[in-house]
Amino acid sequence: MEKHKIRNIAIYTGILLAGLVLGWLLFGRGNDRQTEDTHLHTESVEGEATEYTCSMHPQVRQDEPGDCPICGMDLIPVSDGGDEQQDDPFQFTLQQSQANWANVRTQIVASSEAGATIRLTGRVAVNERERRAITAHFPGRIENLYADYTGRYVQRGERLATLYSPEMMQAQQELIQAYANREDQPRLYNSARQRLKLFNLTDGQIDNIVQSGQASPTLDIYATQSGFLTEREVTEGDYVNTGQTLFAIAGLGQVWVELDAYENQVGQINKGQQARVEIPAQPGNNFSAEVEFVDPFLDPQTRSARVRLSVANRDNILKPGMLVTATIETETQQELIIPATAVLWTGERSVVYVRDQQREGFSFQFREIETGARTGEGYIVQSGLSAGEEIAVNGVFAIDAAAQLRGHYSMMAPPEKTSLPQEFKNNLVVVFNRYFDLKNALADDAPDQARQHGQGLLEQLNRTGIHSLEGEHHTFWIQQYELIEEHLTAFIAAESIVEMRVHFEPLSEAFIETARTLGAVGQTFYVSYCPMVDGDRGAYWLSEIENIINPYFGDMMLTCGEVREVIREGVGSGGRQEVREVEGHVH
């Protein structure tokens with residue numbers, strides 16, 4: 001029994017030792033390998049290729065560039081979180097790897113002498129001056145019809161139809177009788193001749209009736225000009241009434257080219273400008289013509305106006321109804337021109353990405369602009385950009401897609417703008433400008449000027465009116481109006497600049513809330529903050545410039561402060577943004 005126990009202990013001890021040796025072989029030596037593998041894995045991660053995704057379908061991921069299997073769009077690099085992103089949804093920093101992959105290039109916006117090239121489409125039309133309608137001057141029946149199909153060419157004086165008319169026959173008989181008694185009753189004879197002239201008979205036809213002494217129940221209808229028969233409103237046997245149209249003839253020796261100009265183009269087109277016309281159906285058949293007429297009315301359906309050219313139609317080459325294209329060069333003048341590749345189109349909006357030159361790397365700002373006519377180099381900028389700003393001109397879509405993936409504003413997800421009545425908006429622009437004048441006077445330590453600007457602000461506020469804004473923001477404007485009026489009245493009554501600055505703080509808060517809700521008007525606003533006001537409690541103010549000019553301390557600490565928020569035109573910010581300290585900040 002004792003031997004059996006000793007044998008079992010020996011077996012268990014042997015198993016334990018074998019286990020320890022095996023563990024050392026597997027895990028002890030494996031630690032070195034694990035360390036080596038971890039090092040290799042780290043190296044492979046550092047050298048790993050960028051992962052790619054689709055801007056429209058973020059669930060798509062692959063380790064090499066290509067097309068999205070869902071929509072076919074180009075894949076873009078996935079952000080690895082290495083770049084710092086701002087809270088400002090208008091601002092986006094593109095990673096260096098993404099910028100290299102998208103071949104992002106930028107260009108400084110500059111003004112230059114340029115004339116816009118306006119490209120229009122239209123059609124050839126009949127010249128209304130060359131069109132004649134032949135009507136019935138007396139009632140009757142179509143006895144014979146000679147011009148029996150449209151499109152045929154007729155010569156002036158050619159017989160078109162024969163009209164049977166008892167009324168015409170009666171008028172001829174009266175003429176013959178009046179002629180016989182012309183010596184005794186000359187006025188009756190003249191009256192009979194005049195009646196036949198009103199029936200569109202010529203003096204020669206009337207003289208023939210008088211000389212023959214015979215009245216005819218039929219009368220021939222003749223073409224009054226040469227041209228093509230465009231309308232035939234009767235057939236043989238039809239009865240017609242006085243004034244009824246029988247035929248229409250159009251001469252095509254001179255035709256019109258009618259072009260469609262949209263409302264944003266009409267203002268650049270004037271009578272007398274030269275247009276270069278091309279006919280797609282006849283390649284190489286190009287010609288120049290002068291703008292003869294610009295329609296003063298817009299078509300409410302197409303939002304376009306007619307632009308008319310008058311063209312000589314040699315050899316009848318131009319057929320009414322033919323489609324044409326035309327280009328009109330406007331007068332050259334100083335304009336801001338940006339490349340077409342810089343613009344993303346979103347219906348009514350045009351989007352560009354403006355590089356933030358105060359930040360390192362590829363930091364861009366989403367910007368909506370208004371573009372004008374197309375030029376040979378790109379598009380004329382009507383508003384939204386200034387000379388000297390730097391914009392992306394290549395890789396723009398990649399920037400937009402990356403911004404969209406990060407939840408920033410983009411072409412597909414633009415900010416919703418506050419819609420304000422134009423009259424209210426115009427008044428609000430002046431209200432804000434008066435506030436800025438007041439603010440700047442405090443920064444200049446000029447209380448008399450500040451009080452004067454305050455009185456001007458109060459007058460403009462009253463001119464704007466407390467009930468001038470309807471809809472969803474009606475109640476909000478009433479509340480802000482009352483706050484501004486209350487604190488502004490106290491500001492004007494203040495006896496010292498120190499007391500003015502006390503009332504300036506709640507006045508500024510009201511203006512900041514107004515800008516946040518209704519958006520900046522006319523420009524970009526900056527919400528600035530100084531932490532040292534009122535014993536380090538801090539206070540805000542609204543500024544029209546990004547540089548700090550402190551109205552709470554004036555010359556004593558003029559540059560104390562930082563930009564806390566940016567409010568752009570028509571867009572409420574909805575909250576405070578990341579602190580942006582301005583160069584030159586001092587306490």
# chains A, B, ... in the order shown; residues from 1 in each chain; ligands from 1

$ select_by_dssp --residues "region 262-368 of chain A" --states "alpha helix (DSSP H)" --output "ChimeraX atom specification"
/A:263-266

$ residues_around --residues "Arg463 (chain A)" --least-positions-apart "6" --cutoff "12 Å" --atoms "only C-alpha atoms" --output "PyMOL selection string"
chain A and resi 423-424+426-428+430-431+456-457+481

$ write_last_selection --atoms "C-alpha atoms" --output "PDB file, in the first residue's frame"
ATOM      1  CA  GLU A 423     -37.257  94.810 -46.441  1.00  0.00           C
ATOM      2  CA  PHE A 424     -36.649  93.446 -42.937  1.00  0.00           C
ATOM      3  CA  ASN A 426     -32.249  95.568 -45.364  1.00  0.00           C
ATOM      4  CA  ASN A 427     -33.267  97.256 -42.103  1.00  0.00           C
ATOM      5  CA  LEU A 428     -31.485  94.611 -40.019  1.00  0.00           C
ATOM      6  CA  VAL A 430     -28.377  98.894 -40.795  1.00  0.00           C
ATOM      7  CA  VAL A 431     -29.275  97.893 -37.199  1.00  0.00           C
ATOM      8  CA  GLY A 456     -28.835 106.367 -34.298  1.00  0.00           C
ATOM      9  CA  LEU A 457     -29.255 102.675 -33.451  1.00  0.00           C
ATOM     10  CA  TYR A 481     -36.476  94.022 -29.905  1.00  0.00           C
TER      11      TYR A 481
END

$ closest_residue --among "A:Leu175, A:Ile70, A:Leu518, A:Val60" --to "Asn190 (chain A)" --atoms "only C-alpha atoms"
A:Leu175

$ residues_around --residues "Thr341 (chain A)" --least-positions-apart "2" --cutoff "7 Å" --atoms "only C-alpha atoms" --output "list in words"
Pro339, Val343, Val393 and Asn394 of chain A

$ write_last_selection --atoms "N, CA and C atoms" --output "JSON list (two decimals), in the first residue's frame"
[["chain", "number", "residue", "atom", "x", "y", "z"],
["A", 339, "PRO", "N", -11.69, 79.09, -61.87],
["A", 339, "PRO", "CA", -11.81, 77.96, -62.80],
["A", 339, "PRO", "C", -13.11, 77.19, -62.58],
["A", 343, "VAL", "N", -15.80, 74.78, -58.81],
["A", 343, "VAL", "CA", -17.20, 74.99, -58.42],
["A", 343, "VAL", "C", -17.93, 73.65, -58.36],
["A", 393, "VAL", "N", -8.93, 74.13, -56.52],
["A", 393, "VAL", "CA", -9.33, 74.08, -57.92],
["A", 393, "VAL", "C", -9.21, 72.67, -58.48],
["A", 394, "ASN", "N", -8.64, 71.77, -57.71],
["A", 394, "ASN", "CA", -8.55, 70.37, -58.13],
["A", 394, "ASN", "C", -8.72, 69.50, -56.88]]

$ select_by_dssp --residues "region 351-554 of chain A" --states "strand (DSSP E)" --output "VMD selection string"
chain A and resid 351 to 355 362 to 374 379 to 383 390 to 394 525 to 530 539 to 543

$ write_last_selection --atoms "N, CA, C and O atoms" --output "short mmCIF file (atom, residue, chain, number, x, y, z; two decimals), in the first residue's frame"
data_model
loop_
_atom_site.label_atom_id
_atom_site.label_comp_id
_atom_site.auth_asym_id
_atom_site.auth_seq_id
_atom_site.Cartn_x
_atom_site.Cartn_y
_atom_site.Cartn_z
N VAL A 351 -20.91 75.97 -54.71
CA VAL A 351 -20.07 75.75 -53.54
C VAL A 351 -18.61 75.73 -53.96
O VAL A 351 -18.24 75.12 -54.97
N VAL A 352 -17.76 76.41 -53.18
CA VAL A 352 -16.31 76.32 -53.34
C VAL A 352 -15.72 76.06 -51.96
O VAL A 352 -16.38 76.24 -50.93
N TYR A 353 -14.44 75.62 -51.94
CA TYR A 353 -13.73 75.41 -50.68
C TYR A 353 -12.57 76.39 -50.62
O TYR A 353 -11.68 76.37 -51.46
N VAL A 354 -12.62 77.25 -49.61
CA VAL A 354 -11.64 78.32 -49.44
C VAL A 354 -10.61 77.86 -48.41
O VAL A 354 -10.97 77.45 -47.29
N ARG A 355 -9.35 77.92 -48.77
CA ARG A 355 -8.29 77.48 -47.86
C ARG A 355 -8.09 78.51 -46.75
O ARG A 355 -8.01 79.72 -47.01
N PHE A 362 -3.97 71.38 -45.03
CA PHE A 362 -5.05 71.60 -45.97
C PHE A 362 -6.36 71.80 -45.20
O PHE A 362 -7.18 70.89 -45.08
N SER A 363 -6.52 72.99 -44.64
CA SER A 363 -7.73 73.34 -43.92
C SER A 363 -8.59 74.22 -44.81
O SER A 363 -8.14 75.26 -45.29
N PHE A 364 -9.84 73.78 -45.04
CA PHE A 364 -10.71 74.47 -45.99
C PHE A 364 -12.01 74.88 -45.32
O PHE A 364 -12.48 74.24 -44.37
N GLN A 365 -12.59 75.94 -45.86
CA GLN A 365 -13.87 76.43 -45.38
C GLN A 365 -14.92 76.26 -46.47
O GLN A 365 -14.72 76.65 -47.62
N PHE A 366 -16.04 75.65 -46.10
CA PHE A 366 -17.18 75.51 -47.01
C PHE A 366 -17.76 76.89 -47.27
O PHE A 366 -18.06 77.63 -46.35
N ARG A 367 -17.94 77.25 -48.53
CA ARG A 367 -18.42 78.60 -48.88
C ARG A 367 -19.41 78.52 -50.04
O ARG A 367 -19.12 77.91 -51.08
N GLU A 368 -20.57 79.11 -49.85
CA GLU A 368 -21.55 79.22 -50.94
C GLU A 368 -21.36 80.57 -51.62
O GLU A 368 -21.27 81.60 -50.95
N ILE A 369 -21.29 80.55 -52.94
CA ILE A 369 -21.06 81.77 -53.71
C ILE A 369 -22.12 81.91 -54.78
O ILE A 369 -22.86 80.97 -55.07
N GLU A 370 -22.16 83.08 -55.37
CA GLU A 370 -23.05 83.34 -56.51
C GLU A 370 -22.19 83.56 -57.74
O GLU A 370 -21.32 84.43 -57.75
N THR A 371 -22.42 82.75 -58.74
CA THR A 371 -21.63 82.84 -59.97
C THR A 371 -22.43 83.52 -61.06
O THR A 371 -23.66 83.46 -61.08
N GLY A 372 -21.70 84.16 -61.97
CA GLY A 372 -22.32 84.80 -63.12
C GLY A 372 -22.12 83.99 -64.38
O GLY A 372 -22.13 82.76 -64.36
N ALA A 373 -21.87 84.67 -65.47
CA ALA A 373 -21.76 84.01 -66.77
C ALA A 373 -20.46 83.23 -66.89
O ALA A 373 -19.48 83.48 -66.18
N ARG A 374 -20.45 82.29 -67.80
CA ARG A 374 -19.26 81.50 -68.09
C ARG A 374 -18.32 82.31 -68.98
O ARG A 374 -18.75 83.00 -69.91
N TYR A 379 -15.76 80.87 -64.42
CA TYR A 379 -16.99 81.57 -64.10
C TYR A 379 -16.69 82.90 -63.41
O TYR A 379 -15.74 83.00 -62.63
N ILE A 380 -17.50 83.89 -63.72
CA ILE A 380 -17.42 85.17 -63.02
C ILE A 380 -18.07 85.02 -61.65
O ILE A 380 -19.15 84.44 -61.51
N VAL A 381 -17.40 85.52 -60.62
CA VAL A 381 -17.93 85.47 -59.25
C VAL A 381 -18.65 86.78 -58.97
O VAL A 381 -18.05 87.86 -59.02
N GLN A 382 -19.94 86.67 -58.66
CA GLN A 382 -20.72 87.87 -58.37
C GLN A 382 -20.71 88.21 -56.88
O GLN A 382 -20.76 89.37 -56.50
N SER A 383 -20.65 87.20 -56.03
CA SER A 383 -20.57 87.45 -54.59
C SER A 383 -20.08 86.19 -53.89
O SER A 383 -20.21 85.09 -54.42
N GLU A 390 -7.69 82.04 -51.27
CA GLU A 390 -7.15 80.85 -51.93
C GLU A 390 -8.21 79.75 -51.92
O GLU A 390 -8.77 79.43 -50.88
N ILE A 391 -8.50 79.20 -53.09
CA ILE A 391 -9.54 78.18 -53.19
C ILE A 391 -8.98 76.90 -53.81
O ILE A 391 -7.98 76.93 -54.52
N ALA A 392 -9.63 75.79 -53.52
CA ALA A 392 -9.26 74.52 -54.13
C ALA A 392 -9.79 74.50 -55.57
O ALA A 392 -10.96 74.82 -55.81
N VAL A 393 -8.93 74.13 -56.52
CA VAL A 393 -9.33 74.08 -57.92
C VAL A 393 -9.21 72.67 -58.48
O VAL A 393 -9.63 72.42 -59.61
N ASN A 394 -8.64 71.77 -57.71
CA ASN A 394 -8.55 70.37 -58.13
C ASN A 394 -8.72 69.50 -56.88
O ASN A 394 -8.28 69.85 -55.80
N PHE A 525 -20.09 87.39 -38.94
CA PHE A 525 -19.98 87.97 -37.62
C PHE A 525 -19.09 87.07 -36.75
O PHE A 525 -19.07 85.85 -36.91
N TYR A 526 -18.41 87.71 -35.78
CA TYR A 526 -17.54 86.98 -34.86
C TYR A 526 -17.98 87.28 -33.43
O TYR A 526 -18.09 88.45 -33.02
N VAL A 527 -18.25 86.22 -32.65
CA VAL A 527 -18.58 86.37 -31.24
C VAL A 527 -17.27 86.33 -30.46
O VAL A 527 -16.59 85.29 -30.41
N SER A 528 -16.89 87.45 -29.86
CA SER A 528 -15.62 87.57 -29.15
C SER A 528 -15.86 87.56 -27.64
O SER A 528 -16.93 87.93 -27.15
N TYR A 529 -14.81 87.15 -26.91
CA TYR A 529 -14.93 86.99 -25.45
C TYR A 529 -13.69 87.51 -24.76
O TYR A 529 -12.57 87.23 -25.18
N CYS A 530 -13.90 88.26 -23.70
CA CYS A 530 -12.80 88.73 -22.85
C CYS A 530 -13.03 88.17 -21.45
O CYS A 530 -14.06 88.47 -20.82
N ALA A 539 -17.05 88.52 -20.42
CA ALA A 539 -18.20 89.05 -21.15
C ALA A 539 -17.95 88.90 -22.65
O ALA A 539 -16.82 88.84 -23.12
N TYR A 540 -19.06 88.83 -23.39
CA TYR A 540 -19.03 88.65 -24.84
C TYR A 540 -19.41 89.94 -25.55
O TYR A 540 -20.06 90.82 -24.99
N TRP A 541 -19.02 90.02 -26.81
CA TRP A 541 -19.51 91.06 -27.70
C TRP A 541 -19.49 90.54 -29.13
O TRP A 541 -18.84 89.54 -29.43
N LEU A 542 -20.23 91.21 -30.00
CA LEU A 542 -20.32 90.82 -31.40
C LEU A 542 -19.46 91.75 -32.23
O LEU A 542 -19.45 92.97 -32.00
N SER A 543 -18.71 91.18 -33.18
CA SER A 543 -17.80 91.99 -33.99
C SER A 543 -17.97 91.67 -35.47
O SER A 543 -18.33 90.55 -35.84
#

$ closest_residue --among "A:Asp536, A:Glu290, A:Glu231, A:Glu470" --to "Gly561 (chain A)" --atoms "only C-alpha atoms"
A:Asp536

$ atom_distance --atom1 "CA of Tyr262 (chain A)" --atom2 "CA of Glu278 (chain A)"
19.3 Å

$ closest_residue --among "A:Thr106, A:Gln334, A:Asn270, A:Thr218" --to "Gln172 (chain A)" --atoms "only C-alpha atoms"
A:Thr218

$ residues_around --residues "Leu483 (chain A)" --least-positions-apart "2" --cutoff "12 Å" --atoms "only C-alpha atoms" --output "compact mmCIF listing (two decimals) with C-alpha atoms, in the first residue's frame"
# COMPACT_ATOMS: atom_id res chain seq x y z
CA LEU A 458 -32.43 103.38 -31.49
CA LEU A 461 -34.58 100.01 -34.46
CA ILE A 466 -41.29 95.46 -33.51
CA PHE A 476 -38.38 85.82 -31.09
CA TRP A 477 -37.91 89.22 -32.79
CA ILE A 478 -40.41 90.87 -30.41
CA GLN A 479 -38.42 89.57 -27.43
CA GLN A 480 -35.05 90.67 -28.81
CA TYR A 481 -36.48 94.02 -29.91
CA GLU A 485 -34.59 98.81 -26.75
CA GLU A 486 -34.41 98.49 -22.93
CA HIS A 487 -30.63 98.20 -22.66
CA LEU A 488 -30.01 100.72 -25.43
CA THR A 489 -32.14 103.32 -23.65
CA ALA A 490 -30.13 102.76 -20.46
CA HIS A 503 -25.16 98.29 -20.23
CA PHE A 504 -23.21 97.29 -23.33
CA GLU A 505 -22.90 93.67 -22.10
CA PRO A 506 -26.67 92.76 -22.06
CA LEU A 507 -27.10 94.78 -25.24
CA SER A 508 -24.42 92.62 -26.90
CA GLU A 509 -26.01 89.42 -25.62
CA ALA A 510 -29.27 90.41 -27.33
CA PHE A 511 -27.46 91.11 -30.59
CA ILE A 512 -25.56 87.80 -30.37
CA GLU A 513 -28.77 85.83 -29.89
CA THR A 514 -30.37 87.69 -32.80

$ closest_residue --among "A:Ser304, A:Thr230, A:Asn100, A:Thr121" --to "Met322 (chain A)" --atoms "only C-alpha atoms"
A:Thr121
